[in-house]
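S.K.: Pasting target20.pdb below, which is PDB, C-alpha atoms.
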ATOM      1  CA  MET A   1       5.980 -31.500 -52.022
ATOM      2  CA  GLU A   2       6.411 -35.196 -51.397
ATOM      3  CA  ILE A   3       6.004 -36.251 -47.776
ATOM      4  CA  ASP A   4       8.152 -39.065 -46.446
ATOM      5  CA  TRP A   5       5.731 -40.837 -44.128
ATOM      6  CA  ALA A   6       8.529 -42.941 -42.626
ATOM      7  CA  ASN A   7       9.970 -39.712 -41.193
ATOM      8  CA  VAL A   8       6.572 -38.533 -39.993
ATOM      9  CA  PHE A   9       5.919 -41.742 -38.061
ATOM     10  CA  GLU A  10       9.470 -42.332 -36.868
ATOM     11  CA  ILE A  11       8.799 -44.564 -33.884
ATOM     12  CA  SER A  12      11.618 -43.524 -31.520
ATOM     13  CA  SER A  13      10.749 -39.816 -31.622
ATOM     14  CA  LEU A  14       7.049 -40.534 -31.163
ATOM     15  CA  LEU A  15       7.783 -42.850 -28.237
ATOM     16  CA  LYS A  16       9.969 -40.280 -26.474
ATOM     17  CA  CYS A  17       7.265 -37.674 -27.052
ATOM     18  CA  PHE A  18       4.552 -39.999 -25.692
ATOM     19  CA  ILE A  19       6.479 -40.866 -22.535
ATOM     20  CA  VAL A  20       7.644 -37.339 -21.658
ATOM     21  CA  GLY A  21       4.262 -35.769 -22.483
ATOM     22  CA  GLY A  22       2.512 -38.451 -20.458
ATOM     23  CA  LEU A  23       4.810 -37.996 -17.464
ATOM     24  CA  ILE A  24       4.259 -34.212 -17.420
ATOM     25  CA  CYS A  25       0.518 -34.896 -17.308
ATOM     26  CA  VAL A  26       1.024 -37.398 -14.468
ATOM     27  CA  ILE A  27       2.710 -34.627 -12.438
ATOM     28  CA  GLY A  28      -0.409 -32.540 -13.011
ATOM     29  CA  GLN A  29      -2.657 -35.436 -12.026
ATOM     30  CA  ILE A  30      -0.754 -35.966  -8.774
ATOM     31  CA  LEU A  31      -1.146 -32.244  -8.032
ATOM     32  CA  ILE A  32      -4.899 -32.517  -8.665
ATOM     33  CA  ASP A  33      -5.349 -35.619  -6.498
ATOM     34  CA  LYS A  34      -2.962 -34.834  -3.660
ATOM     35  CA  THR A  35      -3.430 -31.095  -3.216
ATOM     36  CA  LYS A  36      -6.447 -28.819  -3.021
ATOM     37  CA  LEU A  37      -5.261 -26.748  -5.974
ATOM     38  CA  THR A  38      -7.913 -25.784  -8.503
ATOM     39  CA  PRO A  39      -7.262 -26.597 -12.169
ATOM     40  CA  ALA A  40      -6.820 -22.867 -12.860
ATOM     41  CA  ARG A  41      -3.992 -22.648 -10.330
ATOM     42  CA  ILE A  42      -2.392 -25.772 -11.736
ATOM     43  CA  LEU A  43      -2.410 -24.261 -15.228
ATOM     44  CA  VAL A  44      -0.795 -21.074 -13.851
ATOM     45  CA  ILE A  45       1.826 -23.129 -11.976
ATOM     46  CA  PHE A  46       2.668 -25.101 -15.110
ATOM     47  CA  VAL A  47       3.006 -22.051 -17.347
ATOM     48  CA  THR A  48       5.126 -20.171 -14.798
ATOM     49  CA  THR A  49       7.316 -23.212 -14.120
ATOM     50  CA  GLY A  50       7.796 -23.678 -17.859
ATOM     51  CA  ALA A  51       8.774 -20.024 -18.243
ATOM     52  CA  ILE A  52      11.310 -20.209 -15.405
ATOM     53  CA  LEU A  53      12.799 -23.505 -16.601
ATOM     54  CA  GLY A  54      12.837 -22.060 -20.126
ATOM     55  CA  GLY A  55      14.623 -18.931 -18.912
ATOM     56  CA  LEU A  56      17.197 -21.038 -17.095
ATOM     57  CA  GLY A  57      17.773 -23.021 -20.279
ATOM     58  CA  ILE A  58      16.871 -26.323 -18.617
ATOM     59  CA  TYR A  59      13.642 -26.850 -20.510
ATOM     60  CA  GLN A  60      15.514 -26.627 -23.813
ATOM     61  CA  TYR A  61      17.094 -30.026 -23.109
ATOM     62  CA  LEU A  62      13.661 -31.553 -22.610
ATOM     63  CA  VAL A  63      12.418 -29.978 -25.849
ATOM     64  CA  ASP A  64      15.453 -31.290 -27.747
ATOM     65  CA  PHE A  65      14.801 -34.738 -26.316
ATOM     66  CA  ALA A  66      11.037 -35.059 -26.583
ATOM     67  CA  GLY A  67       9.875 -32.466 -29.129
ATOM     68  CA  ALA A  68       6.124 -32.017 -28.898
ATOM     69  CA  GLY A  69       6.129 -34.096 -25.701
ATOM     70  CA  ALA A  70       7.658 -31.037 -24.044
ATOM     71  CA  THR A  71       6.150 -28.215 -26.119
ATOM     72  CA  VAL A  72       2.482 -29.310 -26.195
ATOM     73  CA  PRO A  73       1.959 -29.330 -22.378
ATOM     74  CA  LEU A  74       1.428 -25.863 -20.892
ATOM     75  CA  THR A  75       4.985 -25.841 -19.546
ATOM     76  CA  GLY A  76       5.939 -25.614 -23.228
ATOM     77  CA  PHE A  77       3.767 -22.523 -23.568
ATOM     78  CA  GLY A  78       5.724 -20.891 -20.756
ATOM     79  CA  TYR A  79       9.004 -22.064 -22.268
ATOM     80  CA  ASN A  80       7.980 -20.522 -25.575
ATOM     81  CA  LEU A  81       7.181 -17.171 -23.907
ATOM     82  CA  ALA A  82      10.503 -17.104 -22.044
ATOM     83  CA  LYS A  83      12.526 -18.141 -25.073
ATOM     84  CA  GLY A  84      10.818 -15.456 -27.161
ATOM     85  CA  ALA A  85      11.558 -12.794 -24.535
ATOM     86  CA  ILE A  86      15.242 -13.749 -24.420
ATOM     87  CA  GLU A  87      15.491 -13.718 -28.197
ATOM     88  CA  GLY A  88      13.721 -10.348 -28.220
ATOM     89  CA  VAL A  89      16.301  -8.938 -25.798
ATOM     90  CA  LYS A  90      19.110 -10.263 -27.973
ATOM     91  CA  GLN A  91      17.633  -8.516 -31.005
ATOM     92  CA  SER A  92      16.297  -5.234 -29.665
ATOM     93  CA  GLY A  93      17.219  -4.821 -25.998
ATOM     94  CA  LEU A  94      14.692  -3.837 -23.338
ATOM     95  CA  ILE A  95      11.769  -3.453 -25.733
ATOM     96  CA  GLY A  96      12.344  -7.021 -26.860
ATOM     97  CA  ALA A  97      11.648  -8.263 -23.323
ATOM     98  CA  PHE A  98       8.131  -6.923 -23.759
ATOM     99  CA  THR A  99       7.516  -7.861 -27.386
ATOM    100  CA  GLY A 100       9.455 -11.112 -27.726
ATOM    101  CA  GLY A 101       7.441 -13.391 -25.469
ATOM    102  CA  VAL A 102       4.009 -12.590 -26.817
ATOM    103  CA  LYS A 103       5.369 -12.538 -30.358
ATOM    104  CA  ALA A 104       6.599 -16.107 -29.977
ATOM    105  CA  ALA A 105       3.310 -17.294 -28.512
ATOM    106  CA  ALA A 106       1.099 -15.053 -30.663
ATOM    107  CA  GLY A 107      -0.220 -17.863 -32.859
ATOM    108  CA  GLY A 108      -1.415 -19.909 -29.917
ATOM    109  CA  ILE A 109      -2.938 -16.966 -28.037
ATOM    110  CA  ALA A 110      -4.721 -15.624 -31.109
ATOM    111  CA  ALA A 111      -6.005 -19.082 -32.038
ATOM    112  CA  ALA A 112      -7.252 -19.632 -28.483
ATOM    113  CA  VAL A 113      -9.127 -16.318 -28.481
ATOM    114  CA  PHE A 114     -10.562 -16.758 -31.972
ATOM    115  CA  PHE A 115     -11.504 -20.447 -31.871
ATOM    116  CA  GLY A 116     -12.570 -20.095 -28.245
ATOM    117  CA  TYR A 117     -15.062 -17.363 -29.070
ATOM    118  CA  LEU A 118     -16.264 -19.150 -32.194
ATOM    119  CA  ALA A 119     -16.728 -22.465 -30.386
ATOM    120  CA  ALA A 120     -18.611 -20.796 -27.538
ATOM    121  CA  LEU A 121     -20.904 -19.136 -30.088
ATOM    122  CA  ILE A 122     -21.871 -22.345 -31.837
ATOM    123  CA  SER A 123     -22.122 -24.379 -28.633
ATOM    124  CA  LYS A 124     -25.406 -25.551 -27.254
ATOM    125  CA  PRO A 125     -26.063 -24.313 -23.728
ATOM    126  CA  LYS A 126     -24.913 -26.860 -21.222
ATOM    127  CA  MET A 127     -27.533 -28.377 -18.933
ATOM    128  CA  LYS A 128     -25.422 -28.395 -15.865
ATOM    129  CA  LYS A 129     -27.872 -27.810 -13.079
ATOM    130  CA  GLN A 130     -30.742 -30.229 -13.305
TER     131      GLN A 130
ATOM    132  CA  MET B 131     -28.532 -38.022 -23.081
ATOM    133  CA  ASN B 132     -28.968 -36.966 -19.491
ATOM    134  CA  PRO B 133     -25.633 -35.648 -18.153
ATOM    135  CA  LEU B 134     -26.603 -36.516 -14.605
ATOM    136  CA  GLU B 135     -27.156 -40.087 -15.595
ATOM    137  CA  SER B 136     -23.769 -40.426 -17.301
ATOM    138  CA  LYS B 137     -22.169 -38.794 -14.265
ATOM    139  CA  GLN B 138     -23.704 -41.388 -11.989
ATOM    140  CA  THR B 139     -22.768 -44.307 -14.195
ATOM    141  CA  TYR B 140     -19.263 -42.924 -14.389
ATOM    142  CA  GLN B 141     -19.065 -42.674 -10.610
ATOM    143  CA  GLN B 142     -20.315 -46.227 -10.291
ATOM    144  CA  TYR B 143     -17.812 -47.357 -12.869
ATOM    145  CA  VAL B 144     -14.940 -45.671 -11.027
ATOM    146  CA  GLU B 145     -15.975 -47.128  -7.688
ATOM    147  CA  GLN B 146     -16.360 -50.558  -9.192
ATOM    148  CA  LYS B 147     -13.017 -50.524 -10.936
ATOM    149  CA  SER B 148     -10.861 -48.866  -8.324
ATOM    150  CA  PRO B 149     -12.097 -49.148  -4.777
ATOM    151  CA  ASN B 150      -8.694 -48.583  -3.199
ATOM    152  CA  SER B 151      -6.394 -46.496  -5.311
ATOM    153  CA  PRO B 152      -8.113 -44.117  -7.718
ATOM    154  CA  ILE B 153      -4.937 -42.038  -7.883
ATOM    155  CA  LEU B 154      -3.029 -44.797  -9.665
ATOM    156  CA  LYS B 155      -5.828 -45.226 -12.141
ATOM    157  CA  ASN B 156      -6.101 -41.454 -12.624
ATOM    158  CA  CYS B 157      -2.372 -41.183 -13.209
ATOM    159  CA  PHE B 158      -2.443 -44.044 -15.682
ATOM    160  CA  ASN B 159      -5.297 -42.456 -17.657
ATOM    161  CA  ALA B 160      -3.631 -39.031 -17.509
ATOM    162  CA  PHE B 161      -0.401 -40.619 -18.742
ATOM    163  CA  TRP B 162      -1.704 -42.285 -21.852
ATOM    164  CA  VAL B 163      -4.235 -39.613 -22.877
ATOM    165  CA  GLY B 164      -1.697 -36.825 -22.306
ATOM    166  CA  GLY B 165       0.949 -38.832 -24.110
ATOM    167  CA  LEU B 166      -1.374 -39.421 -27.057
ATOM    168  CA  ILE B 167      -2.235 -35.717 -27.370
ATOM    169  CA  CYS B 168       1.482 -34.866 -27.384
ATOM    170  CA  THR B 169       2.146 -37.614 -29.936
ATOM    171  CA  LEU B 170      -0.566 -36.184 -32.166
ATOM    172  CA  GLY B 171       1.233 -32.842 -31.859
ATOM    173  CA  GLN B 172       4.529 -34.513 -32.774
ATOM    174  CA  ILE B 173       2.966 -36.103 -35.881
ATOM    175  CA  ILE B 174       1.572 -32.726 -37.009
ATOM    176  CA  SER B 175       4.955 -31.132 -36.293
ATOM    177  CA  ASN B 176       6.760 -33.850 -38.310
ATOM    178  CA  ILE B 177       4.426 -33.277 -41.263
ATOM    179  CA  CYS B 178       5.155 -29.527 -41.063
ATOM    180  CA  LYS B 179       8.896 -30.245 -41.014
ATOM    181  CA  GLU B 180       8.551 -32.454 -44.092
ATOM    182  CA  ARG B 181       6.760 -29.582 -45.800
ATOM    183  CA  GLY B 182       9.724 -27.329 -45.095
ATOM    184  CA  PHE B 183       8.511 -25.177 -42.202
ATOM    185  CA  ASP B 184      11.061 -24.236 -39.529
ATOM    186  CA  ILE B 185      10.721 -25.460 -35.935
ATOM    187  CA  ALA B 186       9.136 -22.281 -34.542
ATOM    188  CA  THR B 187       6.490 -22.168 -37.273
ATOM    189  CA  SER B 188       5.784 -25.895 -36.889
ATOM    190  CA  GLY B 189       5.257 -25.369 -33.162
ATOM    191  CA  THR B 190       2.812 -22.543 -33.839
ATOM    192  CA  ILE B 191       0.891 -24.659 -36.358
ATOM    193  CA  VAL B 192       0.689 -27.528 -33.841
ATOM    194  CA  SER B 193      -0.646 -25.157 -31.159
ATOM    195  CA  ILE B 194      -3.230 -23.644 -33.500
ATOM    196  CA  ILE B 195      -4.527 -27.038 -34.684
ATOM    197  CA  LEU B 196      -4.684 -28.588 -31.190
ATOM    198  CA  ILE B 197      -6.334 -25.470 -29.734
ATOM    199  CA  GLY B 198      -8.861 -25.416 -32.574
ATOM    200  CA  ILE B 199      -9.755 -29.091 -32.122
ATOM    201  CA  ALA B 200     -10.064 -28.754 -28.334
ATOM    202  CA  ALA B 201     -12.163 -25.583 -28.580
ATOM    203  CA  PHE B 202     -14.715 -27.194 -30.875
ATOM    204  CA  LEU B 203     -14.774 -30.455 -28.912
ATOM    205  CA  THR B 204     -15.564 -28.351 -25.831
ATOM    206  CA  GLY B 205     -18.294 -26.522 -27.726
ATOM    207  CA  LEU B 206     -19.834 -29.858 -28.667
ATOM    208  CA  ASN B 207     -19.725 -30.994 -25.006
ATOM    209  CA  LEU B 208     -17.337 -33.816 -25.911
ATOM    210  CA  PHE B 209     -14.206 -32.458 -24.278
ATOM    211  CA  ASN B 210     -15.530 -32.592 -20.718
ATOM    212  CA  LYS B 211     -16.221 -36.296 -21.204
ATOM    213  CA  ILE B 212     -12.579 -36.816 -22.134
ATOM    214  CA  GLY B 213     -11.609 -34.533 -19.258
ATOM    215  CA  LYS B 214     -13.569 -36.560 -16.725
ATOM    216  CA  PHE B 215     -11.811 -39.687 -17.858
ATOM    217  CA  ALA B 216      -8.306 -38.335 -18.362
ATOM    218  CA  GLY B 217      -8.078 -35.581 -15.738
ATOM    219  CA  ALA B 218      -4.738 -33.854 -16.135
ATOM    220  CA  GLY B 219      -4.142 -35.823 -19.339
ATOM    221  CA  SER B 220      -6.335 -33.387 -21.232
ATOM    222  CA  LEU B 221      -5.917 -30.413 -18.867
ATOM    223  CA  ILE B 222      -2.142 -30.017 -18.964
ATOM    224  CA  PRO B 223      -1.598 -30.113 -22.743
ATOM    225  CA  ILE B 224      -2.454 -26.926 -24.653
ATOM    226  CA  THR B 225      -5.906 -28.474 -25.204
ATOM    227  CA  GLY B 226      -6.695 -27.704 -21.546
ATOM    228  CA  PHE B 227      -5.957 -24.029 -22.192
ATOM    229  CA  ALA B 228      -8.496 -23.981 -25.040
ATOM    230  CA  ASN B 229     -10.999 -25.841 -22.867
ATOM    231  CA  SER B 230     -10.502 -23.349 -20.045
ATOM    232  CA  ILE B 231     -11.453 -20.555 -22.463
ATOM    233  CA  VAL B 232     -14.525 -22.160 -23.996
ATOM    234  CA  SER B 233     -16.236 -23.718 -20.976
ATOM    235  CA  PRO B 234     -16.790 -20.549 -18.899
ATOM    236  CA  ALA B 235     -17.726 -18.674 -22.089
ATOM    237  CA  MET B 236     -20.416 -21.295 -22.771
ATOM    238  CA  GLU B 237     -21.761 -21.136 -19.268
ATOM    239  CA  TYR B 238     -22.176 -17.365 -19.288
ATOM    240  CA  LYS B 239     -23.597 -17.202 -22.806
ATOM    241  CA  SER B 240     -26.923 -16.077 -21.356
ATOM    242  CA  GLU B 241     -25.236 -12.871 -20.108
ATOM    243  CA  GLY B 242     -24.685 -11.741 -23.668
ATOM    244  CA  TYR B 243     -22.121 -12.017 -26.405
ATOM    245  CA  VAL B 244     -19.860  -9.178 -25.283
ATOM    246  CA  MET B 245     -19.603  -9.355 -21.482
ATOM    247  CA  GLY B 246     -20.897 -12.912 -21.172
ATOM    248  CA  VAL B 247     -18.952 -14.822 -23.798
ATOM    249  CA  GLY B 248     -16.255 -12.224 -24.515
ATOM    250  CA  GLY B 249     -15.606 -11.418 -20.868
ATOM    251  CA  LYS B 250     -15.870 -14.776 -19.158
ATOM    252  CA  MET B 251     -13.584 -16.433 -21.693
ATOM    253  CA  PHE B 252     -10.687 -15.239 -19.593
ATOM    254  CA  THR B 253     -11.717 -16.377 -16.124
ATOM    255  CA  VAL B 254      -9.051 -19.103 -16.238
ATOM    256  CA  ALA B 255      -7.057 -18.146 -19.307
ATOM    257  CA  GLY B 256      -6.580 -14.603 -17.968
ATOM    258  CA  PRO B 257      -4.438 -15.601 -14.967
ATOM    259  CA  VAL B 258      -2.501 -18.026 -17.176
ATOM    260  CA  LEU B 259      -1.656 -15.217 -19.588
ATOM    261  CA  VAL B 260      -0.949 -12.700 -16.800
ATOM    262  CA  PHE B 261       1.529 -14.960 -15.035
ATOM    263  CA  GLY B 262       3.027 -16.441 -18.206
ATOM    264  CA  ILE B 263       3.600 -13.107 -19.926
ATOM    265  CA  SER B 264       4.789 -11.352 -16.746
ATOM    266  CA  ALA B 265       7.258 -14.164 -16.088
ATOM    267  CA  SER B 266       8.562 -13.935 -19.647
ATOM    268  CA  ILE B 267       9.076 -10.153 -19.369
ATOM    269  CA  LEU B 268      10.927 -10.559 -16.059
ATOM    270  CA  ILE B 269      13.100 -13.275 -17.579
ATOM    271  CA  GLY B 270      13.870 -11.018 -20.536
ATOM    272  CA  ILE B 271      14.859  -8.157 -18.216
ATOM    273  CA  ILE B 272      16.984 -10.437 -16.014
ATOM    274  CA  TYR B 273      18.691 -11.767 -19.112
ATOM    275  CA  MET B 274      19.350  -8.219 -20.302
ATOM    276  CA  ILE B 275      20.769  -7.028 -16.978
ATOM    277  CA  PHE B 276      23.148  -9.916 -16.568
ATOM    278  CA  ALA B 277      23.570 -10.534 -20.308
ATOM    279  CA  THR B 278      25.407 -13.652 -19.458
ATOM    280  CA  GLU B 279      24.985 -17.187 -20.601
ATOM    281  CA  SER B 280      26.213 -18.522 -17.273
ATOM    282  CA  ILE B 281      22.907 -17.655 -15.629
ATOM    283  CA  THR B 282      20.433 -18.470 -18.349
ATOM    284  CA  LEU B 283      22.438 -21.102 -20.254
ATOM    285  CA  VAL B 284      20.765 -20.049 -23.501
TER     286      VAL B 284
END
I need this file expressed as structure tokens, please.

M.R.:
Amino acid sequence: MEIDWANVFEISSLLKCFIVGGLICVIGQILIDKTKLTPARILVIFVTTGAILGGLGIYQYLVDFAGAGATVPLTGFGYNLAKGAIEGVKQSGLIGAFTGGVKAAAGGIAAAVFFGYLAALISKPKMKKQ
Amino acid sequence: MNPLESKQTYQQYVEQKSPNSPILKNCFNAFWVGGLICTLGQIISNICKERGFDIATSGTIVSIILIGIAAFLTGLNLFNKIGKFAGAGSLIPITGFANSIVSPAMEYKSEGYVMGVGGKMFTVAGPVLVFGISASILIGIIYMIFATESITLV
């Protein structure tokens, strides 16, 4: 299939994505610098916030506006889980609340487990304590 | 290369460049690195759209590619260099999730391939999944109970 590269590199969508994605990271950076939160806690906060904002339908506006600028940060991961759970409920009721979220995020989770294990296997041991 | 040496030169560099307000500099670096990672995701997503994938599938492909790249960059000890420079700029995007899986797994490699690598992979990613998935289930149940668009808007 022919790819229209003008569409791929459409400057306004990329710019919106860059600015929104960058700003979400700045929020994280302020949390790192101004609070004593560990990176692990910050990741948890971002995913949970994304899930709640996704469940409330607020995050959808950000996704419509910025595309990957909103879905690539971890808030987007939470949004994806919440959206999947809601769609699951719409389709199959209570059981969908359990299956929908993970189903929507399955690709990312599976890739993280698989590539994560593979990358750790091929890695050279880190010389951290010298 | 000696990691300790690069750490020291980096510290010197930071002190030299920003004696007063490292937070502004950190935020600036986080902004443009984070923005660039998201833009890369948008470009991949646009290519997927041109190839006729729907939005959900495109999003999954973007996640898989970015996670794969970040995992292998971490394995090659390159990601933590970016991380030192960009801070939240590489932590907050999905790349940080991949990094959080690979780096503890690498450190505990000496404890074996099952409990060392396989177990420690989830020291950071575990809580992320626990809270993310639990939140999504709760949201699904709340949506089902109220079954109303006035609360969830979607």

S.K.: Tell me which protein, DNA and RNA residues are within 9 Å of stretch 207-217 of chain B, counting all atoms listed in the file, leaving out same-chain ones fewer than 6 positions away, and put them as a PyMOL selection string.

M.R.: (chain A and resi 25+28-29+32+123-124+126) or (chain B and resi 140+156-164+200-201+226+229+233)

S.K.: Tell me, in Å to one decimal, how far atom CA of A:Ile52 is from atom CA of B:Ile177.

M.R.: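 Going from atom CA of A:Ile52 over to atom CA of B:Ile177, I get 29.8 Å.
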
S.K.: With a distance threshold of 7 Å and counting all atoms listed in the file, extract the residues of chain A near chain B and express them as a ChimeraX atom specification.

M.R.: /A:1,3,8-9,14,17-19,21-23,25-26,28-29,33,40,43-44,47-48,51,55-57,67-69,72-74,78,81-82,85-86,89,93-94,97-98,101-102,107-108,111-112,115-117,119-120,122-123,125-126

S.K.: Please compute the atom CA of A:Thr49-atom CA of A:Ile30 distance, one decimal, in Å.

M.R.: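 Interatomic distance, atom CA of A:Thr49 to atom CA of A:Ile30: 16.0 Å.
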
S.K.: Could you tell me how far atom CA of A:Phe77 sits from atom CA of A:Ala105, in Å to one decimal place?

M.R.: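 Between these atoms lies a distance of 7.2 Å.
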
S.K.: Out of A:Ile58, A:Ile95, A:Val63, A:Ile27, which residue has the shortest atom-to-atom distance to A:Phe46 when counting only C-alpha atoms?

M.R.: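 Of all the options, A:Ile27 lies closest to A:Phe46.
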
S.K.: Would you compute, for all listed atoms of stretch 36-46 of chain A, the axis-aligned bounding box grown by 6 Å on each side, and then report its centre and edge lengths in Å rounded to one decimal, as AutoDock Vina command-line options?

M.R.:
--center_x -2.6 --center_y -24.9 --center_z -9.1 --size_x 22.6 --size_y 19.7 --size_z 24.2
